[in-house]
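The file upload_20.csv comes next; it holds CSV, C-alpha atoms.
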chain,number,residue,atom,x,y,z
A,1,MET,CA,0.0,0.0,0.0
A,2,SER,CA,2.8,2.5,0.9
A,3,LEU,CA,4.6,1.8,-2.4
A,4,ARG,CA,1.4,2.4,-4.3
A,5,ILE,CA,0.8,5.7,-2.5
A,6,ALA,CA,4.4,6.8,-3.1
A,7,TYR,CA,4.1,5.9,-6.8
A,8,ALA,CA,0.8,7.9,-7.1
A,9,GLY,CA,2.5,10.8,-5.3
A,10,SER,CA,5.4,10.7,-7.7
A,11,ILE,CA,3.1,10.8,-10.7
A,12,GLN,CA,1.3,13.8,-9.2
A,13,ILE,CA,4.6,15.7,-8.7
A,14,ILE,CA,5.7,15.0,-12.3
A,15,THR,CA,2.3,16.1,-13.5
A,16,GLN,CA,2.4,19.3,-11.5
A,17,PHE,CA,5.8,20.2,-13.0
A,18,ALA,CA,4.6,19.4,-16.5
A,19,THR,CA,1.5,21.6,-15.9
A,20,LEU,CA,3.7,24.6,-15.3
A,21,PHE,CA,5.0,24.4,-18.8
A,22,THR,CA,1.8,23.3,-20.6
A,23,GLY,CA,-0.2,26.0,-18.7
A,24,LEU,CA,2.2,28.7,-19.8
A,25,ALA,CA,2.2,27.5,-23.4
A,26,PHE,CA,-1.6,27.4,-23.4
A,27,VAL,CA,-1.9,30.9,-22.0
A,28,ILE,CA,0.6,32.2,-24.6
A,29,ILE,CA,-1.4,30.6,-27.4
A,30,ILE,CA,-4.7,32.0,-26.2
A,31,THR,CA,-3.6,35.5,-25.4
A,32,ARG,CA,-1.7,36.0,-28.6
A,33,ASN,CA,-4.5,34.8,-30.9
A,34,LEU,CA,-7.7,36.1,-29.1
A,35,SER,CA,-8.9,39.7,-29.2
A,36,VAL,CA,-9.7,41.4,-25.9
A,37,GLU,CA,-13.4,41.0,-26.5
A,38,GLU,CA,-13.0,37.3,-27.3
A,39,PHE,CA,-10.9,36.7,-24.3
A,40,GLY,CA,-13.5,38.4,-22.1
A,41,LEU,CA,-16.3,36.3,-23.6
A,42,TRP,CA,-14.2,33.2,-23.1
A,43,GLN,CA,-13.9,34.0,-19.4
A,44,VAL,CA,-17.6,34.6,-19.0
A,45,LEU,CA,-18.5,31.3,-20.7
A,46,GLY,CA,-15.9,29.4,-18.7
A,47,ASN,CA,-17.0,30.9,-15.3
A,48,THR,CA,-20.6,30.3,-16.2
A,49,ILE,CA,-19.9,26.6,-16.8
A,50,GLY,CA,-17.9,26.5,-13.6
A,51,LEU,CA,-20.9,27.8,-11.6
A,52,ALA,CA,-23.3,25.5,-13.4
A,53,VAL,CA,-21.5,22.3,-12.5
A,54,ILE,CA,-21.4,23.1,-8.7
A,55,PRO,CA,-24.4,20.7,-8.1
A,56,ILE,CA,-22.2,17.7,-9.2
A,57,PHE,CA,-19.6,18.2,-6.5
A,58,PRO,CA,-21.6,16.4,-3.7
A,59,ILE,CA,-21.6,13.2,-5.8
A,60,GLY,CA,-17.8,13.2,-5.9
A,61,TYR,CA,-17.6,14.1,-2.2
A,62,TRP,CA,-19.7,11.3,-1.0
A,63,THR,CA,-18.5,8.8,-3.6
A,64,LEU,CA,-14.9,9.0,-2.3
A,65,ARG,CA,-16.1,8.4,1.3
A,66,ASN,CA,-18.2,5.4,0.3
A,67,ILE,CA,-15.5,3.9,-1.9
A,68,SER,CA,-13.0,4.3,1.0
A,69,ARG,CA,-15.3,2.3,3.2
A,70,GLY,CA,-15.3,-0.5,0.7
A,71,GLU,CA,-18.8,0.1,-0.7
A,72,ASP,CA,-19.6,-0.6,-4.3
A,73,VAL,CA,-21.1,2.7,-5.4
A,74,GLY,CA,-19.2,3.4,-8.6
A,75,LYS,CA,-22.1,2.8,-10.9
A,76,THR,CA,-24.4,4.8,-8.6
A,77,ALA,CA,-21.9,7.8,-8.8
A,78,VAL,CA,-21.5,7.7,-12.6
A,79,TYR,CA,-25.3,7.2,-13.3
A,80,SER,CA,-26.1,10.0,-10.9
A,81,GLY,CA,-23.8,12.3,-12.8
A,82,ILE,CA,-25.4,11.3,-16.1
A,83,ILE,CA,-28.9,11.9,-14.8
A,84,SER,CA,-27.9,15.4,-13.5
A,85,ILE,CA,-26.5,16.6,-16.9
A,86,PRO,CA,-29.9,18.0,-18.2
A,87,ILE,CA,-30.3,19.9,-14.9
A,88,ILE,CA,-26.8,21.4,-15.1
A,89,ILE,CA,-27.4,22.4,-18.7
A,90,LEU,CA,-30.6,24.2,-17.7
A,91,GLY,CA,-28.6,26.0,-14.9
A,92,TYR,CA,-26.0,26.9,-17.5
A,93,ILE,CA,-28.6,28.4,-19.8
A,94,ILE,CA,-30.1,30.4,-16.9
A,95,LEU,CA,-26.8,31.8,-15.8
A,96,LEU,CA,-25.8,32.6,-19.3
A,97,THR,CA,-29.1,34.5,-19.8
A,98,PHE,CA,-28.2,36.5,-16.7
A,99,ALA,CA,-24.8,37.3,-18.2
A,100,SER,CA,-26.1,38.2,-21.6
A,101,THR,CA,-26.4,41.9,-20.6
A,102,ILE,CA,-22.8,42.4,-21.8
A,103,PHE,CA,-24.4,42.7,-25.2
A,104,GLU,CA,-26.7,45.6,-26.0
A,105,SER,CA,-29.5,43.5,-27.4
A,106,GLY,CA,-29.1,40.1,-25.7
A,107,PHE,CA,-27.6,37.2,-27.7
A,108,SER,CA,-26.8,37.6,-31.3
A,109,SER,CA,-26.6,34.5,-33.4
A,110,PRO,CA,-22.7,34.2,-33.3
A,111,ILE,CA,-22.7,34.5,-29.5
A,112,LEU,CA,-25.4,31.9,-29.2
A,113,TYR,CA,-23.4,29.7,-31.4
A,114,LEU,CA,-20.4,30.0,-29.2
A,115,ALA,CA,-22.5,29.4,-26.1
A,116,VAL,CA,-23.8,26.2,-27.5
A,117,ILE,CA,-20.3,25.0,-28.4
A,118,ALA,CA,-19.1,25.8,-24.9
A,119,MET,CA,-22.0,23.7,-23.5
A,120,VAL,CA,-20.4,20.6,-25.0
A,121,GLN,CA,-17.9,20.7,-22.1
A,122,ILE,CA,-20.6,20.1,-19.5
A,123,PRO,CA,-21.1,16.3,-19.9
A,124,PHE,CA,-17.3,15.9,-19.7
A,125,LEU,CA,-17.0,18.0,-16.6
A,126,VAL,CA,-19.9,16.2,-14.9
A,127,LEU,CA,-18.4,12.8,-15.6
A,128,ILE,CA,-14.9,13.8,-14.4
A,129,GLU,CA,-16.2,14.3,-10.8
A,130,PRO,CA,-17.5,10.7,-10.1
A,131,PHE,CA,-14.6,9.2,-12.0
A,132,LYS,CA,-12.1,11.2,-10.0
A,133,ALA,CA,-13.7,10.2,-6.8
A,134,ILE,CA,-13.6,6.5,-7.8
A,135,ILE,CA,-9.9,6.4,-8.8
A,136,ARG,CA,-8.9,8.5,-5.8
A,137,GLY,CA,-10.1,5.7,-3.6
A,138,THR,CA,-8.8,2.8,-5.7
A,139,ARG,CA,-6.1,3.8,-8.2
A,140,PRO,CA,-4.9,7.3,-7.4
A,141,GLN,CA,-2.1,7.2,-9.9
A,142,PHE,CA,-4.7,7.7,-12.6
A,143,ILE,CA,-5.3,11.2,-11.3
A,144,GLY,CA,-1.9,12.1,-12.5
A,145,TYR,CA,-2.3,10.2,-15.8
A,146,SER,CA,-5.5,11.9,-16.6
A,147,SER,CA,-4.2,15.4,-15.7
A,148,LEU,CA,-1.2,14.9,-17.9
A,149,GLY,CA,-3.3,13.7,-20.8
A,150,PHE,CA,-5.6,16.7,-20.3
A,151,GLU,CA,-2.6,19.2,-20.4
A,152,ILE,CA,-0.9,17.6,-23.4
A,153,ALA,CA,-4.2,17.4,-25.4
A,154,LYS,CA,-5.2,21.0,-24.4
A,155,VAL,CA,-2.0,22.5,-25.7
A,156,SER,CA,-1.7,20.3,-28.8
A,157,VAL,CA,-5.3,21.0,-30.0
A,158,ALA,CA,-5.1,24.7,-29.1
A,159,TYR,CA,-1.9,25.1,-31.1
A,160,TYR,CA,-3.4,23.4,-34.1
A,161,LEU,CA,-6.8,25.1,-34.0
A,162,VAL,CA,-6.1,28.5,-32.5
A,163,HIS,CA,-2.5,29.2,-33.7
A,164,ILE,CA,-2.3,27.3,-37.0
A,165,ASN,CA,-5.9,27.5,-38.2
A,166,SER,CA,-6.8,30.8,-36.6
A,167,LEU,CA,-10.1,29.6,-35.1
A,168,SER,CA,-9.6,31.9,-32.2
A,169,LEU,CA,-12.4,31.6,-29.6
A,170,ILE,CA,-14.0,28.5,-31.2
A,171,GLY,CA,-10.7,26.8,-31.3
A,172,ALA,CA,-10.0,27.6,-27.6
A,173,ILE,CA,-13.4,26.2,-26.6
A,174,ILE,CA,-12.9,23.0,-28.7
A,175,SER,CA,-9.4,22.5,-27.3
A,176,LEU,CA,-10.7,22.4,-23.7
A,177,ALA,CA,-13.5,20.1,-24.7
A,178,ALA,CA,-11.2,17.7,-26.5
A,179,ALA,CA,-8.8,17.7,-23.5
A,180,GLN,CA,-11.6,17.0,-21.1
A,181,LEU,CA,-12.7,14.1,-23.3
A,182,ILE,CA,-9.2,12.6,-23.1
A,183,GLN,CA,-9.3,13.1,-19.4
A,184,VAL,CA,-12.7,11.3,-19.1
A,185,LEU,CA,-11.4,8.4,-21.2
A,186,ILE,CA,-8.3,7.9,-19.1
A,187,MET,CA,-10.3,8.1,-15.9
A,188,TYR,CA,-12.8,5.6,-17.3
A,189,TYR,CA,-10.0,3.2,-18.1
A,190,GLY,CA,-8.8,3.5,-14.5
A,191,SER,CA,-12.1,3.0,-12.9
A,192,TYR,CA,-14.2,0.7,-15.2
A,193,ASN,CA,-13.8,-2.2,-12.8
A,194,ARG,CA,-15.5,-0.2,-10.1
A,195,ILE,CA,-18.6,0.7,-12.1
A,196,ARG,CA,-19.9,-2.9,-12.7
A,197,GLY,CA,-22.2,-3.0,-9.7
A,198,LYS,CA,-25.8,-1.8,-9.6
A,199,PHE,CA,-27.4,1.5,-9.3
A,200,GLN,CA,-28.4,2.1,-5.7
A,201,ILE,CA,-31.2,4.6,-5.6
A,202,ASN,CA,-31.2,4.8,-1.8
A,203,VAL,CA,-27.5,5.8,-1.8
A,204,ALA,CA,-28.2,8.5,-4.4
A,205,ARG,CA,-31.0,9.8,-2.3
A,206,SER,CA,-28.8,10.0,0.8
A,207,TRP,CA,-26.2,11.9,-1.2
A,208,ILE,CA,-28.9,14.4,-2.3
A,209,SER,CA,-30.2,14.9,1.2
A,210,ALA,CA,-26.7,15.5,2.6
A,211,SER,CA,-25.5,17.6,-0.3
A,212,TRP,CA,-25.5,20.7,1.8
A,213,ILE,CA,-22.5,19.5,3.7
A,214,PRO,CA,-19.9,19.6,0.8
A,215,PHE,CA,-21.5,22.8,-0.5
A,216,PHE,CA,-19.8,24.7,2.4
A,217,GLY,CA,-16.4,23.8,1.0
A,218,PHE,CA,-17.0,23.7,-2.7
A,219,GLY,CA,-19.6,26.5,-2.8
A,220,VAL,CA,-17.3,29.0,-1.1
A,221,SER,CA,-14.4,28.2,-3.4
A,222,ARG,CA,-16.6,28.9,-6.4
A,223,ILE,CA,-18.0,32.3,-5.3
A,224,PHE,CA,-15.2,34.1,-7.0
A,225,LEU,CA,-16.5,32.9,-10.4
A,226,PHE,CA,-19.4,35.3,-10.0
A,227,ASP,CA,-17.1,38.2,-10.7
A,228,SER,CA,-17.4,38.0,-14.4
A,229,LEU,CA,-21.2,37.8,-14.2
A,230,ILE,CA,-21.3,40.8,-11.9
A,231,VAL,CA,-19.0,42.8,-14.2
A,232,SER,CA,-21.1,41.8,-17.2
A,233,GLN,CA,-24.2,43.2,-15.5
A,234,ILE,CA,-22.4,46.4,-14.6
A,235,SER,CA,-21.0,46.9,-18.1
A,236,GLY,CA,-24.3,46.1,-19.7
A,237,PHE,CA,-26.0,48.7,-17.4
A,238,LEU,CA,-23.4,51.3,-18.1
A,239,SER,CA,-23.5,50.8,-21.9
A,240,ARG,CA,-27.3,51.3,-21.8
A,241,ALA,CA,-27.0,54.3,-19.5
A,242,ILE,CA,-24.5,56.0,-21.8
A,243,ALA,CA,-26.7,55.3,-24.8
A,244,THR,CA,-29.7,56.8,-22.9
A,245,PRO,CA,-28.5,59.4,-20.4
A,246,ASN,CA,-32.0,59.9,-19.0
A,247,ILE,CA,-31.5,56.6,-17.1
A,248,VAL,CA,-28.7,58.1,-15.1
A,249,ILE,CA,-30.6,61.3,-14.5
A,250,GLY,CA,-33.6,59.3,-13.3
A,251,ILE,CA,-31.4,57.4,-10.8
A,252,PHE,CA,-29.9,60.5,-9.3
A,253,PHE,CA,-33.2,62.4,-8.9
A,254,SER,CA,-35.4,59.4,-7.9
Can I see the file as structure tokens?
Amino acid sequence: MSLRIAYAGSIQIITQFATLFTGLAFVIIITRNLSVEEFGLWQVLGNTIGLAVIPIFPIGYWTLRNISRGEDVGKTAVYSGIISIPIIILGYIILLTFASTIFESGFSSPILYLAVIAMVQIPFLVLIEPFKAIIRGTRPQFIGYSSLGFEIAKVSVAYYLVHINSLSLIGAIISLAAAQLIQVLIMYYGSYNRIRGKFQINVARSWISASWIPFFGFGVSRIFLFDSLIVSQISGFLSRAIATPNIVIGIFFS
């Protein structure tokens, strides 16, 4: 057991060092090929997805604890994640509608097209959580493998789509989605032996009823993602106020 933990820790250290270089390369590719407006929109879309997937965190939280106790809840975790995908997509649409005030007249068709492309990431992000919890409790070295695969795929696809083919924002979104797909596949390979049981609806219900516990940790850590939505609201209000100065006059004299 100690050797396996040491091996998993070594893989994680190697992955963290590799991430320093791949992360820098990805940032350089993105910032050199996206305009200021595209980069801002990319941040809004990414933060919106980050907020939308918050409901999936309790599944990973409780899965790891059940797995560590020797309980066979792998299939329950994965199926619970799959069932929650439509709910999370609905939350993404609601949050994106809230953020749409960065545009004077709501969503134009190109923006809507980009939002739909970004939505492709949601199923991958949802599946990553239960898979990550399963392999943390069984084969932790695959955390490093999957992270390394994600980083290599992210930079490779971004270089090809964004830098070589000049797809700018669309290429940046697709590169993340492709990297997340690679990460999911590696995690599935590392955990498929643990998802051969049965779906336990009672366990899933207990996770839902106790979901408020992990929200104290995960929810607080995600509050900072609201900054882009708040700024989008402020910028949208200011753009309309400048276009119609009577709005500002009415605020001051009301």
Checklist entry - With distances taken over only C-alpha atoms, which of A:Lys75, A:Val53, A:Leu64, A:Leu114 is nearest to Ile89 in chain A? => result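 For Ile89 in chain A, the nearest of the candidates is A:Val53.
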Checklist entry - From the set A:Tyr160, A:Phe131, A:Tyr145, A:Phe124, which residue has the shortest atom-to-atom contact distance to Ile88 in chain A, counting all atoms listed in the file? => result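 The closest residue to Ile88 in chain A is A:Phe124.
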Checklist outcome for this item: If you count all atoms listed in the file, the residue of A:Trp207, A:Trp212, A:Tyr189, A:Phe39 closest to Arg65 in chain A turns out to be A:Trp207
Within 8 Å of range 174-186 of chain A, which residues of range 35-149 of chain A show up? Give each one with its shortest atom-to-atom distance in Å (one decimal) and the two atoms involved, counting only C-alpha atoms, rows by chain then rising residue number, as a tab-separated table.
residue	atom	partner	partner_atom	distance
A:Ile117	CA	A:Ile174	CA	7.7
A:Ala118	CA	A:Ile174	CA	7.8
A:Val120	CA	A:Ala177	CA	6.9
A:Gln121	CA	A:Ala177	CA	5.1
A:Phe124	CA	A:Gln180	CA	6.0
A:Leu125	CA	A:Gln180	CA	7.1
A:Leu127	CA	A:Val184	CA	6.9
A:Ile128	CA	A:Val184	CA	5.8
A:Phe131	CA	A:Val184	CA	7.6
A:Phe142	CA	A:Ile186	CA	7.4
A:Tyr145	CA	A:Ile186	CA	7.2
A:Ser146	CA	A:Gln183	CA	4.9
A:Ser147	CA	A:Gln183	CA	6.7
A:Gly149	CA	A:Gln183	CA	6.2
Go ahead and write the residues just picked, C-alpha atoms, as a compact mmCIF listing (two decimals), keeping the file's coordinate frame.
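result-v3.txt, freshly written:
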# COMPACT_ATOMS: atom_id res chain seq x y z
CA ILE A 117 -20.30 25.00 -28.40
CA ALA A 118 -19.10 25.80 -24.90
CA VAL A 120 -20.40 20.60 -25.00
CA GLN A 121 -17.90 20.70 -22.10
CA PHE A 124 -17.30 15.90 -19.70
CA LEU A 125 -17.00 18.00 -16.60
CA LEU A 127 -18.40 12.80 -15.60
CA ILE A 128 -14.90 13.80 -14.40
CA PHE A 131 -14.60 9.20 -12.00
CA PHE A 142 -4.70 7.70 -12.60
CA TYR A 145 -2.30 10.20 -15.80
CA SER A 146 -5.50 11.90 -16.60
CA SER A 147 -4.20 15.40 -15.70
CA GLY A 149 -3.30 13.70 -20.80
Checklist entry - Distance CA of Leu34 in chain A-CA of Thr22 in chain A, one decimal place? => result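 These atoms are spaced 18.1 Å apart.
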Select all residues near (-10.5, 31.7, -23.0) (cut-off 8 Å, inclusive, file coordinates), counting all atoms listed in the file, and output them as a tab-separated table (two decimals) with C-alpha atoms, keeping the file's coordinate frame.
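Okay, out.tsv is ready:
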chain	number	residue	atom	x	y	z
A	30	ILE	CA	-4.70	32.00	-26.20
A	38	GLU	CA	-13.00	37.30	-27.30
A	39	PHE	CA	-10.90	36.70	-24.30
A	40	GLY	CA	-13.50	38.40	-22.10
A	41	LEU	CA	-16.30	36.30	-23.60
A	42	TRP	CA	-14.20	33.20	-23.10
A	43	GLN	CA	-13.90	34.00	-19.40
A	46	GLY	CA	-15.90	29.40	-18.70
A	169	LEU	CA	-12.40	31.60	-29.60
A	172	ALA	CA	-10.00	27.60	-27.60
A	173	ILE	CA	-13.40	26.20	-26.60
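Closest approach to Leu51 in chain A among A:Ile67, A:Ile28, A:Leu167, A:Ile223 is made by A:Ile223 (distances from all atoms listed in the file).
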Checklist entry - In Å, with one decimal, what is the gap from CA of Glu151 in chain A to CA of Ala77 in chain A? => result 25.2 Å
Item to check | Å distance separating CA of Ile59 in chain A from CA of Thr76 in chain A, one decimal place | outcome: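 Computing the Euclidean distance for CA of Ile59 in chain A and CA of Thr76 in chain A yields 9.3 Å.
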